[in-house]
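**Student:** So here's target.pdb, just PDB, C-alpha atoms:
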ATOM      1  CA  MET A   1      35.043-242.041  30.438  1.00  0.00           C
ATOM      2  CA  TYR A   2      35.891-244.292  27.512  1.00  0.00           C
ATOM      3  CA  ILE A   3      33.092-244.123  24.898  1.00  0.00           C
ATOM      4  CA  ILE A   4      32.770-246.625  22.037  1.00  0.00           C
ATOM      5  CA  LYS A   5      30.327-245.530  19.315  1.00  0.00           C
ATOM      6  CA  LEU A   6      28.957-248.152  16.923  1.00  0.00           C
ATOM      7  CA  ASN A   7      26.618-247.952  13.943  1.00  0.00           C
ATOM      8  CA  ALA A   8      25.022-251.311  14.707  1.00  0.00           C
ATOM      9  CA  ILE A   9      25.493-254.155  17.167  1.00  0.00           C
ATOM     10  CA  ASP A  10      23.422-257.110  18.338  1.00  0.00           C
ATOM     11  CA  SER A  11      23.376-255.801  21.927  1.00  0.00           C
ATOM     12  CA  THR A  12      25.490-253.221  23.743  1.00  0.00           C
ATOM     13  CA  ASN A  13      25.179-255.277  26.945  1.00  0.00           C
ATOM     14  CA  THR A  14      26.438-258.391  25.146  1.00  0.00           C
ATOM     15  CA  TYR A  15      29.363-256.373  23.756  1.00  0.00           C
ATOM     16  CA  LEU A  16      30.449-255.369  27.268  1.00  0.00           C
ATOM     17  CA  LYS A  17      29.846-258.887  28.639  1.00  0.00           C
ATOM     18  CA  ASP A  18      32.158-260.291  25.988  1.00  0.00           C
ATOM     19  CA  LEU A  19      34.807-257.711  26.901  1.00  0.00           C
ATOM     20  CA  SER A  20      34.508-258.528  30.597  1.00  0.00           C
ATOM     21  CA  THR A  21      35.130-262.257  30.033  1.00  0.00           C
ATOM     22  CA  VAL A  22      38.635-261.354  28.829  1.00  0.00           C
ATOM     23  CA  ALA A  23      39.408-258.590  31.331  1.00  0.00           C
ATOM     24  CA  LEU A  24      37.355-256.097  33.306  1.00  0.00           C
ATOM     25  CA  PRO A  25      36.768-253.007  31.151  1.00  0.00           C
ATOM     26  CA  ILE A  26      37.935-249.576  32.267  1.00  0.00           C
ATOM     27  CA  ASP A  27      35.583-247.995  34.790  1.00  0.00           C
ATOM     28  CA  TYR A  28      32.757-246.141  33.004  1.00  0.00           C
ATOM     29  CA  THR A  29      33.413-247.761  29.631  1.00  0.00           C
ATOM     30  CA  VAL A  30      30.387-246.739  27.533  1.00  0.00           C
ATOM     31  CA  VAL A  31      29.100-248.474  24.387  1.00  0.00           C
ATOM     32  CA  VAL A  32      26.558-246.575  22.265  1.00  0.00           C
ATOM     33  CA  ALA A  33      24.870-247.952  19.138  1.00  0.00           C
ATOM     34  CA  GLU A  34      22.683-246.280  16.532  1.00  0.00           C
ATOM     35  CA  LEU A  35      20.945-249.636  16.062  1.00  0.00           C
ATOM     36  CA  GLN A  36      20.644-252.742  18.218  1.00  0.00           C
ATOM     37  CA  THR A  37      19.574-255.816  16.252  1.00  0.00           C
ATOM     38  CA  LYS A  38      18.987-257.958  19.339  1.00  0.00           C
ATOM     39  CA  GLY A  39      18.281-255.464  22.110  1.00  0.00           C
ATOM     40  CA  ARG A  40      17.105-257.098  25.318  1.00  0.00           C
ATOM     41  CA  GLY A  41      14.866-256.052  28.177  1.00  0.00           C
ATOM     42  CA  GLN A  42      13.757-257.582  31.467  1.00  0.00           C
ATOM     43  CA  MET A  43      12.831-261.271  31.553  1.00  0.00           C
ATOM     44  CA  GLY A  44      14.245-261.895  28.070  1.00  0.00           C
ATOM     45  CA  ALA A  45      11.921-259.400  26.386  1.00  0.00           C
ATOM     46  CA  LYS A  46      13.093-257.895  23.109  1.00  0.00           C
ATOM     47  CA  TRP A  47      13.785-254.164  22.969  1.00  0.00           C
ATOM     48  CA  LYS A  48      13.006-252.646  19.573  1.00  0.00           C
ATOM     49  CA  ALA A  49      14.022-249.100  18.701  1.00  0.00           C
ATOM     50  CA  GLU A  50      14.080-247.170  15.435  1.00  0.00           C
ATOM     51  CA  SER A  51      17.611-246.732  14.112  1.00  0.00           C
ATOM     52  CA  GLY A  52      19.192-243.353  14.842  1.00  0.00           C
ATOM     53  CA  LYS A  53      16.231-241.964  16.783  1.00  0.00           C
ATOM     54  CA  ASN A  54      16.940-243.241  20.269  1.00  0.00           C
ATOM     55  CA  LEU A  55      19.676-243.787  22.822  1.00  0.00           C
ATOM     56  CA  THR A  56      20.730-247.411  23.183  1.00  0.00           C
ATOM     57  CA  ALA A  57      23.769-247.710  25.391  1.00  0.00           C
ATOM     58  CA  SER A  58      25.524-249.723  28.067  1.00  0.00           C
ATOM     59  CA  VAL A  59      27.925-248.608  30.782  1.00  0.00           C
ATOM     60  CA  PHE A  60      30.437-250.764  32.657  1.00  0.00           C
ATOM     61  CA  LYS A  61      30.913-249.782  36.303  1.00  0.00           C
ATOM     62  CA  ARG A  62      33.492-251.445  38.491  1.00  0.00           C
ATOM     63  CA  LEU A  63      32.119-252.202  41.960  1.00  0.00           C
ATOM     64  CA  PRO A  64      34.942-253.460  44.170  1.00  0.00           C
ATOM     65  CA  TYR A  65      33.255-252.045  47.279  1.00  0.00           C
ATOM     66  CA  PHE A  66      29.904-253.713  46.698  1.00  0.00           C
ATOM     67  CA  SER A  67      28.327-256.863  48.129  1.00  0.00           C
ATOM     68  CA  ILE A  68      26.227-259.317  46.108  1.00  0.00           C
ATOM     69  CA  THR A  69      23.446-258.872  48.677  1.00  0.00           C
ATOM     70  CA  GLU A  70      23.265-255.168  47.785  1.00  0.00           C
ATOM     71  CA  GLN A  71      22.594-255.676  44.064  1.00  0.00           C
ATOM     72  CA  PHE A  72      19.144-254.077  43.964  1.00  0.00           C
ATOM     73  CA  TYR A  73      20.593-250.775  45.175  1.00  0.00           C
ATOM     74  CA  ILE A  74      22.351-250.604  41.799  1.00  0.00           C
ATOM     75  CA  SER A  75      18.962-250.829  40.066  1.00  0.00           C
ATOM     76  CA  MET A  76      17.470-248.169  42.328  1.00  0.00           C
ATOM     77  CA  ALA A  77      20.415-245.794  41.834  1.00  0.00           C
ATOM     78  CA  VAL A  78      20.349-246.217  38.042  1.00  0.00           C
ATOM     79  CA  SER A  79      16.588-245.591  37.950  1.00  0.00           C
ATOM     80  CA  LEU A  80      17.061-242.372  39.930  1.00  0.00           C
ATOM     81  CA  ALA A  81      19.903-241.279  37.641  1.00  0.00           C
ATOM     82  CA  LEU A  82      17.650-241.634  34.580  1.00  0.00           C
ATOM     83  CA  ILE A  83      14.846-239.734  36.309  1.00  0.00           C
ATOM     84  CA  LYS A  84      17.200-236.877  37.251  1.00  0.00           C
ATOM     85  CA  ALA A  85      18.618-236.724  33.722  1.00  0.00           C
ATOM     86  CA  LEU A  86      15.145-236.557  32.178  1.00  0.00           C
ATOM     87  CA  ARG A  87      14.127-233.819  34.609  1.00  0.00           C
ATOM     88  CA  THR A  88      16.877-231.590  33.229  1.00  0.00           C
ATOM     89  CA  PHE A  89      15.140-231.851  29.833  1.00  0.00           C
ATOM     90  CA  LYS A  90      11.792-230.867  31.398  1.00  0.00           C
ATOM     91  CA  ILE A  91      10.115-234.260  30.899  1.00  0.00           C
ATOM     92  CA  PRO A  92       6.939-234.212  33.059  1.00  0.00           C
ATOM     93  CA  GLN A  93       5.301-236.679  35.458  1.00  0.00           C
ATOM     94  CA  LEU A  94       8.267-239.022  35.761  1.00  0.00           C
ATOM     95  CA  ARG A  95       7.762-242.279  37.633  1.00  0.00           C
ATOM     96  CA  ILE A  96       9.519-245.626  38.085  1.00  0.00           C
ATOM     97  CA  LYS A  97       7.484-248.703  37.226  1.00  0.00           C
ATOM     98  CA  TRP A  98       8.908-251.507  39.339  1.00  0.00           C
ATOM     99  CA  PRO A  99      11.584-252.602  39.056  1.00  0.00           C
ATOM    100  CA  ASN A 100      13.142-250.021  36.716  1.00  0.00           C
ATOM    101  CA  ASP A 101      11.035-248.885  33.752  1.00  0.00           C
ATOM    102  CA  ILE A 102      10.958-245.093  33.455  1.00  0.00           C
ATOM    103  CA  LEU A 103       7.537-243.615  32.670  1.00  0.00           C
ATOM    104  CA  SER A 104       6.159-240.191  31.857  1.00  0.00           C
ATOM    105  CA  ALA A 105       2.604-240.286  33.229  1.00  0.00           C
ATOM    106  CA  ASP A 106       1.683-243.847  32.180  1.00  0.00           C
ATOM    107  CA  THR A 107       3.809-244.224  29.017  1.00  0.00           C
ATOM    108  CA  LYS A 108       7.217-245.900  28.922  1.00  0.00           C
ATOM    109  CA  LEU A 109      10.227-243.830  27.884  1.00  0.00           C
ATOM    110  CA  CYS A 110      13.084-246.015  29.037  1.00  0.00           C
ATOM    111  CA  GLY A 111      13.910-249.608  29.878  1.00  0.00           C
ATOM    112  CA  ILE A 112      16.911-250.644  31.948  1.00  0.00           C
ATOM    113  CA  LEU A 113      18.715-253.992  31.938  1.00  0.00           C
ATOM    114  CA  ILE A 114      21.410-254.511  34.573  1.00  0.00           C
ATOM    115  CA  GLU A 115      23.666-257.554  34.360  1.00  0.00           C
ATOM    116  CA  ASN A 116      26.187-257.996  37.133  1.00  0.00           C
ATOM    117  CA  VAL A 117      29.592-259.587  36.618  1.00  0.00           C
ATOM    118  CA  ILE A 118      30.216-262.024  39.464  1.00  0.00           C
ATOM    119  CA  LYS A 119      33.386-264.092  39.846  1.00  0.00           C
ATOM    120  CA  ASN A 120      34.169-266.430  42.740  1.00  0.00           C
ATOM    121  CA  ASN A 121      31.038-265.183  44.500  1.00  0.00           C
ATOM    122  CA  ASN A 122      32.324-261.599  44.392  1.00  0.00           C
ATOM    123  CA  LEU A 123      30.688-258.730  42.546  1.00  0.00           C
ATOM    124  CA  GLN A 124      33.273-257.462  40.058  1.00  0.00           C
ATOM    125  CA  GLY A 125      31.192-254.893  38.244  1.00  0.00           C
ATOM    126  CA  SER A 126      27.883-254.054  36.664  1.00  0.00           C
ATOM    127  CA  ILE A 127      26.793-253.699  33.035  1.00  0.00           C
ATOM    128  CA  ILE A 128      24.052-251.072  32.915  1.00  0.00           C
ATOM    129  CA  GLY A 129      22.108-251.164  29.682  1.00  0.00           C
ATOM    130  CA  PHE A 130      19.395-248.662  28.881  1.00  0.00           C
ATOM    131  CA  GLY A 131      17.159-247.990  25.926  1.00  0.00           C
ATOM    132  CA  LEU A 132      15.817-244.439  26.050  1.00  0.00           C
ATOM    133  CA  ASN A 133      13.253-243.342  23.465  1.00  0.00           C
ATOM    134  CA  VAL A 134      14.439-239.880  22.456  1.00  0.00           C
ATOM    135  CA  ASN A 135      13.135-238.700  19.058  1.00  0.00           C
ATOM    136  CA  GLN A 136      11.060-241.640  17.800  1.00  0.00           C
ATOM    137  CA  LYS A 137       7.527-240.625  16.764  1.00  0.00           C
ATOM    138  CA  PHE A 138       5.756-243.887  15.964  1.00  0.00           C
ATOM    139  CA  PHE A 139       5.520-247.085  18.016  1.00  0.00           C
ATOM    140  CA  ASN A 140       3.579-249.707  16.079  1.00  0.00           C
ATOM    141  CA  ASN A 141       1.533-252.025  18.321  1.00  0.00           C
ATOM    142  CA  LEU A 142       3.121-250.533  21.455  1.00  0.00           C
ATOM    143  CA  PRO A 143       0.353-248.363  22.925  1.00  0.00           C
ATOM    144  CA  GLN A 144       2.204-247.827  26.216  1.00  0.00           C
ATOM    145  CA  ALA A 145       5.445-246.620  24.573  1.00  0.00           C
ATOM    146  CA  SER A 146       6.396-242.979  24.078  1.00  0.00           C
ATOM    147  CA  SER A 147       9.497-240.806  23.671  1.00  0.00           C
ATOM    148  CA  MET A 148      10.976-237.635  25.080  1.00  0.00           C
ATOM    149  CA  SER A 149      10.055-235.852  21.854  1.00  0.00           C
ATOM    150  CA  LEU A 150       6.457-237.075  21.822  1.00  0.00           C
ATOM    151  CA  VAL A 151       5.980-236.009  25.442  1.00  0.00           C
ATOM    152  CA  SER A 152       7.566-232.563  25.087  1.00  0.00           C
ATOM    153  CA  GLY A 153       7.324-231.647  21.392  1.00  0.00           C
ATOM    154  CA  VAL A 154      11.104-231.002  21.328  1.00  0.00           C
ATOM    155  CA  ILE A 155      13.731-232.686  19.109  1.00  0.00           C
ATOM    156  CA  TYR A 156      16.726-233.567  21.272  1.00  0.00           C
ATOM    157  CA  ASN A 157      20.446-233.880  20.643  1.00  0.00           C
ATOM    158  CA  LYS A 158      21.203-237.464  21.637  1.00  0.00           C
ATOM    159  CA  ASP A 159      24.798-236.668  22.622  1.00  0.00           C
ATOM    160  CA  GLU A 160      23.534-234.052  25.081  1.00  0.00           C
ATOM    161  CA  VAL A 161      21.060-236.558  26.529  1.00  0.00           C
ATOM    162  CA  LEU A 162      23.791-239.205  26.864  1.00  0.00           C
ATOM    163  CA  SER A 163      26.122-236.706  28.534  1.00  0.00           C
ATOM    164  CA  GLU A 164      23.485-235.857  31.153  1.00  0.00           C
ATOM    165  CA  VAL A 165      22.658-239.527  31.796  1.00  0.00           C
ATOM    166  CA  LEU A 166      26.344-240.335  32.317  1.00  0.00           C
ATOM    167  CA  LYS A 167      26.732-237.337  34.635  1.00  0.00           C
ATOM    168  CA  GLN A 168      23.791-238.506  36.760  1.00  0.00           C
ATOM    169  CA  LEU A 169      25.027-242.103  36.794  1.00  0.00           C
ATOM    170  CA  LYS A 170      28.337-240.936  38.223  1.00  0.00           C
ATOM    171  CA  ILE A 171      26.583-238.853  40.899  1.00  0.00           C
ATOM    172  CA  HIS A 172      24.431-241.794  41.951  1.00  0.00           C
ATOM    173  CA  PHE A 173      27.275-244.310  41.949  1.00  0.00           C
ATOM    174  CA  ASP A 174      29.148-241.924  44.233  1.00  0.00           C
ATOM    175  CA  LEU A 175      26.121-242.100  46.548  1.00  0.00           C
ATOM    176  CA  LEU A 176      26.306-245.901  46.439  1.00  0.00           C
ATOM    177  CA  GLU A 177      30.008-245.855  47.186  1.00  0.00           C
ATOM    178  CA  SER A 178      29.373-243.708  50.264  1.00  0.00           C
ATOM    179  CA  LYS A 179      26.706-246.246  51.335  1.00  0.00           C
ATOM    180  CA  GLN A 180      23.782-243.796  51.317  1.00  0.00           C
ATOM    181  CA  PHE A 181      21.385-246.706  50.914  1.00  0.00           C
ATOM    182  CA  LEU A 182      18.505-245.337  52.982  1.00  0.00           C
ATOM    183  CA  GLU A 183      18.405-242.093  50.989  1.00  0.00           C
ATOM    184  CA  ILE A 184      18.458-243.990  47.685  1.00  0.00           C
ATOM    185  CA  LYS A 185      15.715-246.429  48.722  1.00  0.00           C
ATOM    186  CA  THR A 186      13.489-243.676  50.176  1.00  0.00           C
ATOM    187  CA  GLU A 187      13.678-241.585  47.009  1.00  0.00           C
ATOM    188  CA  TYR A 188      13.178-244.616  44.774  1.00  0.00           C
ATOM    189  CA  GLU A 189      10.042-245.653  46.674  1.00  0.00           C
ATOM    190  CA  SER A 190       8.656-242.104  46.539  1.00  0.00           C
ATOM    191  CA  LEU A 191       8.749-242.311  42.726  1.00  0.00           C
ATOM    192  CA  LEU A 192       7.166-245.751  42.338  1.00  0.00           C
ATOM    193  CA  PHE A 193       4.379-245.785  39.757  1.00  0.00           C
ATOM    194  CA  ARG A 194       0.966-246.344  41.373  1.00  0.00           C
ATOM    195  CA  LYS A 195       2.366-246.430  44.907  1.00  0.00           C
ATOM    196  CA  ASN A 196      -0.465-246.147  47.478  1.00  0.00           C
ATOM    197  CA  LYS A 197      -3.097-246.505  44.729  1.00  0.00           C
ATOM    198  CA  PRO A 198      -5.443-249.483  44.278  1.00  0.00           C
ATOM    199  CA  SER A 199      -4.030-251.504  41.373  1.00  0.00           C
ATOM    200  CA  THR A 200      -4.581-254.789  39.572  1.00  0.00           C
ATOM    201  CA  PHE A 201      -1.872-257.414  39.297  1.00  0.00           C
ATOM    202  CA  ARG A 202      -1.600-260.607  37.284  1.00  0.00           C
ATOM    203  CA  THR A 203       0.299-263.602  38.630  1.00  0.00           C
ATOM    204  CA  SER A 204       2.535-265.977  36.694  1.00  0.00           C
ATOM    205  CA  LYS A 205      -0.397-268.436  36.836  1.00  0.00           C
ATOM    206  CA  ASN A 206      -2.574-265.837  35.029  1.00  0.00           C
ATOM    207  CA  ASP A 207      -4.704-265.076  38.081  1.00  0.00           C
ATOM    208  CA  SER A 208      -5.641-261.470  38.866  1.00  0.00           C
ATOM    209  CA  PHE A 209      -5.800-259.750  42.232  1.00  0.00           C
ATOM    210  CA  SER A 210      -6.078-256.226  43.607  1.00  0.00           C
ATOM    211  CA  GLY A 211      -3.599-254.594  45.916  1.00  0.00           C
ATOM    212  CA  ILE A 212      -1.756-251.419  46.828  1.00  0.00           C
ATOM    213  CA  ILE A 213       1.995-251.002  46.302  1.00  0.00           C
ATOM    214  CA  GLN A 214       3.729-250.082  49.574  1.00  0.00           C
ATOM    215  CA  GLY A 215       7.393-250.179  48.591  1.00  0.00           C
ATOM    216  CA  VAL A 216      10.210-252.649  47.987  1.00  0.00           C
ATOM    217  CA  THR A 217      12.415-254.876  50.107  1.00  0.00           C
ATOM    218  CA  GLU A 218      16.174-254.364  50.137  1.00  0.00           C
ATOM    219  CA  ASN A 219      16.611-257.199  47.652  1.00  0.00           C
ATOM    220  CA  GLY A 220      14.060-255.735  45.250  1.00  0.00           C
ATOM    221  CA  GLN A 221      10.844-257.604  45.945  1.00  0.00           C
ATOM    222  CA  LEU A 222       7.661-255.592  45.544  1.00  0.00           C
ATOM    223  CA  GLN A 223       5.616-255.117  48.720  1.00  0.00           C
ATOM    224  CA  VAL A 224       1.870-255.170  48.055  1.00  0.00           C
ATOM    225  CA  TRP A 225      -0.919-254.701  50.574  1.00  0.00           C
ATOM    226  CA  THR A 226      -3.442-257.293  49.433  1.00  0.00           C
ATOM    227  CA  GLU A 227      -7.200-257.505  49.790  1.00  0.00           C
ATOM    228  CA  ASP A 228      -6.920-259.797  52.817  1.00  0.00           C
ATOM    229  CA  GLY A 229      -5.102-257.044  54.738  1.00  0.00           C
ATOM    230  CA  VAL A 230      -1.653-258.626  54.532  1.00  0.00           C
ATOM    231  CA  ILE A 231       1.475-257.110  52.991  1.00  0.00           C
ATOM    232  CA  LYS A 232       2.951-259.724  50.646  1.00  0.00           C
ATOM    233  CA  THR A 233       6.248-259.642  48.751  1.00  0.00           C
ATOM    234  CA  PHE A 234       6.695-260.673  45.122  1.00  0.00           C
ATOM    235  CA  ASP A 235       9.596-261.298  42.765  1.00  0.00           C
ATOM    236  CA  LEU A 236       9.633-259.987  39.207  1.00  0.00           C
ATOM    237  CA  LYS A 237       8.804-263.435  37.833  1.00  0.00           C
ATOM    238  CA  GLU A 238       5.740-263.749  40.068  1.00  0.00           C
ATOM    239  CA  ILE A 239       3.525-260.742  39.205  1.00  0.00           C
ATOM    240  CA  LYS A 240       2.892-258.059  36.619  1.00  0.00           C
ATOM    241  CA  LEU A 241       1.266-254.709  37.263  1.00  0.00           C
ATOM    242  CA  MET A 242      -1.675-254.152  34.902  1.00  0.00           C
ATOM    243  CA  TYR A 243      -2.318-250.557  33.816  1.00  0.00           C
TER     244      TYR A 243
END
Kindly transcribe the structure held in the file into structure tokens.
**Tutor:**
Amino acid sequence: MYIIKLNAIDSTNTYLKDLSTVALPIDYTVVVAELQTKGRGQMGAKWKAESGKNLTASVFKRLPYFSITEQFYISMAVSLALIKALRTFKIPQLRIKWPNDILSADTKLCGILIENVIKNNNLQGSIIGFGLNVNQKFFNNLPQASSMSLVSGVIYNKDEVLSEVLKQLKIHFDLLESKQFLEIKTEYESLLFRKNKPSTFRTSKNDSFSGIIQGVTENGQLQVWTEDGVIKTFDLKEIKLMY
């Protein structure tokens, strides 16, 4: 692996995107920053992390064997890799909040942003960005945020955490390469936050409804059993789970 360590950068994902416009980076090129000034999350959300306390990184993975229609399997595999890495550090009650936030109980430890590099309708590679709260203690006005240290009471070595995450990413990309899609999807669904529990959702039109998460489709839509007895599918832009 080729690891680039930076003191500060606007966004590790943007750094790798800029590299990939010139030429595809080496497989498993990793960019790690002590501080991201313009960290990004899902749907354009800003990701804020205290300098030096957390792991903000992006990984470039070449995907010559992968189809555009299989993109959500990348998200599922990355989510599982983060879960497995956190388990090695004894973080309890790990769950995946659709599509790929990593929770301990009901607090968020990690956000994932995957941006695929597509040229001439072919998937060239994937930029996997993740912000993992490691040793941060205070999250102003973010009641649902937490960190590995807050959950466990342990101060962690960030290099050790990064090493384990990268190890698990490689394991799970090997699973993708061998097309073990059913195994990946089954395990991902088993870890979905609030699966099979009555939950409240809010639509993009600000309406609320109750339903029960059943799973996901192969392209990443959430399957919800609604009050009228019908299983409906939703894109990320369409609904938000309230908890």
**Student:** Between CA of Gly111 (chain A) and CA of Ile128 (chain A), what is the distance, to one decimal in Å?
**Tutor:** 10.7 Å
**Student:** Applied to this file, what does the PyMOL selection byres ((chain A and resi 206-221) around 6) return in terms of residues, put as a PDB file with C-alpha atoms, keeping the file's coordinate frame?
**Tutor:**
ATOM      1  CA  PHE A  72      19.144-254.077  43.964  1.00  0.00           C
ATOM      2  CA  GLU A 189      10.042-245.653  46.674  1.00  0.00           C
ATOM      3  CA  LYS A 195       2.366-246.430  44.907  1.00  0.00           C
ATOM      4  CA  ASN A 196      -0.465-246.147  47.478  1.00  0.00           C
ATOM      5  CA  LYS A 197      -3.097-246.505  44.729  1.00  0.00           C
ATOM      6  CA  PRO A 198      -5.443-249.483  44.278  1.00  0.00           C
ATOM      7  CA  SER A 199      -4.030-251.504  41.373  1.00  0.00           C
ATOM      8  CA  THR A 200      -4.581-254.789  39.572  1.00  0.00           C
ATOM      9  CA  PHE A 201      -1.872-257.414  39.297  1.00  0.00           C
ATOM     10  CA  ARG A 202      -1.600-260.607  37.284  1.00  0.00           C
ATOM     11  CA  THR A 203       0.299-263.602  38.630  1.00  0.00           C
ATOM     12  CA  SER A 204       2.535-265.977  36.694  1.00  0.00           C
ATOM     13  CA  LYS A 205      -0.397-268.436  36.836  1.00  0.00           C
ATOM     14  CA  LEU A 222       7.661-255.592  45.544  1.00  0.00           C
ATOM     15  CA  GLN A 223       5.616-255.117  48.720  1.00  0.00           C
ATOM     16  CA  VAL A 224       1.870-255.170  48.055  1.00  0.00           C
ATOM     17  CA  TRP A 225      -0.919-254.701  50.574  1.00  0.00           C
ATOM     18  CA  THR A 226      -3.442-257.293  49.433  1.00  0.00           C
ATOM     19  CA  THR A 233       6.248-259.642  48.751  1.00  0.00           C
ATOM     20  CA  PHE A 234       6.695-260.673  45.122  1.00  0.00           C
ATOM     21  CA  ASP A 235       9.596-261.298  42.765  1.00  0.00           C
TER      22      ASP A 235
END
**Student:** Work out how far CA of Ser20 (chain A) is from CA of Met1 (chain A), in Å to one decimal.
**Tutor:**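 Taking CA of Met1 (chain A) as the start and CA of Ser20 (chain A) as the end point, the length is 16.5 Å.
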**Student:** Taking into account only C-alpha atoms, which residue in the set A:Asp228, A:Ser152, A:Lys240, A:Asp10 is nearest to Lys90 (chain A)?
**Tutor:**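 Closest residue, counting only C-alpha atoms: A:Ser152.
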**Student:** Pick the closest to Ser58 (chain A) from A:Ile91, A:Lys97, A:Leu241, A:Ser11: which is it, counting all atoms listed in the file?
**Tutor:**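 Going through A:Ile91, A:Lys97, A:Leu241, A:Ser11 one by one, the smallest distance to Ser58 (chain A) is for A:Ser11.
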**Student:** Report as a JSON list (two decimals) with C-alpha atoms, in the frame of the given file all protein, DNA and RNA residues lying within 8 Å of region 171-180 of chain A, evaluated on all atoms listed in the file, omitting residues in the same chain fewer than 2 positions from it.
**Tutor:**
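Result written to part.json:
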[["chain", "number", "residue", "atom", "x", "y", "z"],
["A", 65, "TYR", "CA", 33.26, -252.04, 47.28],
["A", 66, "PHE", "CA", 29.90, -253.71, 46.70],
["A", 73, "TYR", "CA", 20.59, -250.78, 45.18],
["A", 74, "ILE", "CA", 22.35, -250.60, 41.80],
["A", 77, "ALA", "CA", 20.42, -245.79, 41.83],
["A", 78, "VAL", "CA", 20.35, -246.22, 38.04],
["A", 80, "LEU", "CA", 17.06, -242.37, 39.93],
["A", 81, "ALA", "CA", 19.90, -241.28, 37.64],
["A", 167, "LYS", "CA", 26.73, -237.34, 34.64],
["A", 168, "GLN", "CA", 23.79, -238.51, 36.76],
["A", 169, "LEU", "CA", 25.03, -242.10, 36.79],
["A", 182, "LEU", "CA", 18.50, -245.34, 52.98],
["A", 183, "GLU", "CA", 18.40, -242.09, 50.99],
["A", 184, "ILE", "CA", 18.46, -243.99, 47.68]]
**Student:** The PyMOL selection byres ((chain A and resi 161) around 9) - which residues does that actually catch in the file I just gave you? List them as a list in words.
**Tutor:** Leu55, Ala85, Leu86, Phe89, Val134, Tyr156, Asn157, Lys158, Asp159, Glu160, Leu162, Ser163, Glu164, Val165 and Leu166 of chain A
**Student:** Got time to write the residues from that selection, C-alpha atoms, as a PDB file, in the coordinates of the input?
**Tutor:**
ATOM      1  CA  LEU A  55      19.676-243.787  22.822  1.00  0.00           C
ATOM      2  CA  ALA A  85      18.618-236.724  33.722  1.00  0.00           C
ATOM      3  CA  LEU A  86      15.145-236.557  32.178  1.00  0.00           C
ATOM      4  CA  PHE A  89      15.140-231.851  29.833  1.00  0.00           C
ATOM      5  CA  VAL A 134      14.439-239.880  22.456  1.00  0.00           C
ATOM      6  CA  TYR A 156      16.726-233.567  21.272  1.00  0.00           C
ATOM      7  CA  ASN A 157      20.446-233.880  20.643  1.00  0.00           C
ATOM      8  CA  LYS A 158      21.203-237.464  21.637  1.00  0.00           C
ATOM      9  CA  ASP A 159      24.798-236.668  22.622  1.00  0.00           C
ATOM     10  CA  GLU A 160      23.534-234.052  25.081  1.00  0.00           C
ATOM     11  CA  LEU A 162      23.791-239.205  26.864  1.00  0.00           C
ATOM     12  CA  SER A 163      26.122-236.706  28.534  1.00  0.00           C
ATOM     13  CA  GLU A 164      23.485-235.857  31.153  1.00  0.00           C
ATOM     14  CA  VAL A 165      22.658-239.527  31.796  1.00  0.00           C
ATOM     15  CA  LEU A 166      26.344-240.335  32.317  1.00  0.00           C
TER      16      LEU A 166
END
**Student:** So how many Å separate CA of Asn100 (chain A) and CA of Lys185 (chain A), to one decimal?
**Tutor:**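 For CA of Asn100 (chain A) relative to CA of Lys185 (chain A), the distance reads 12.8 Å.
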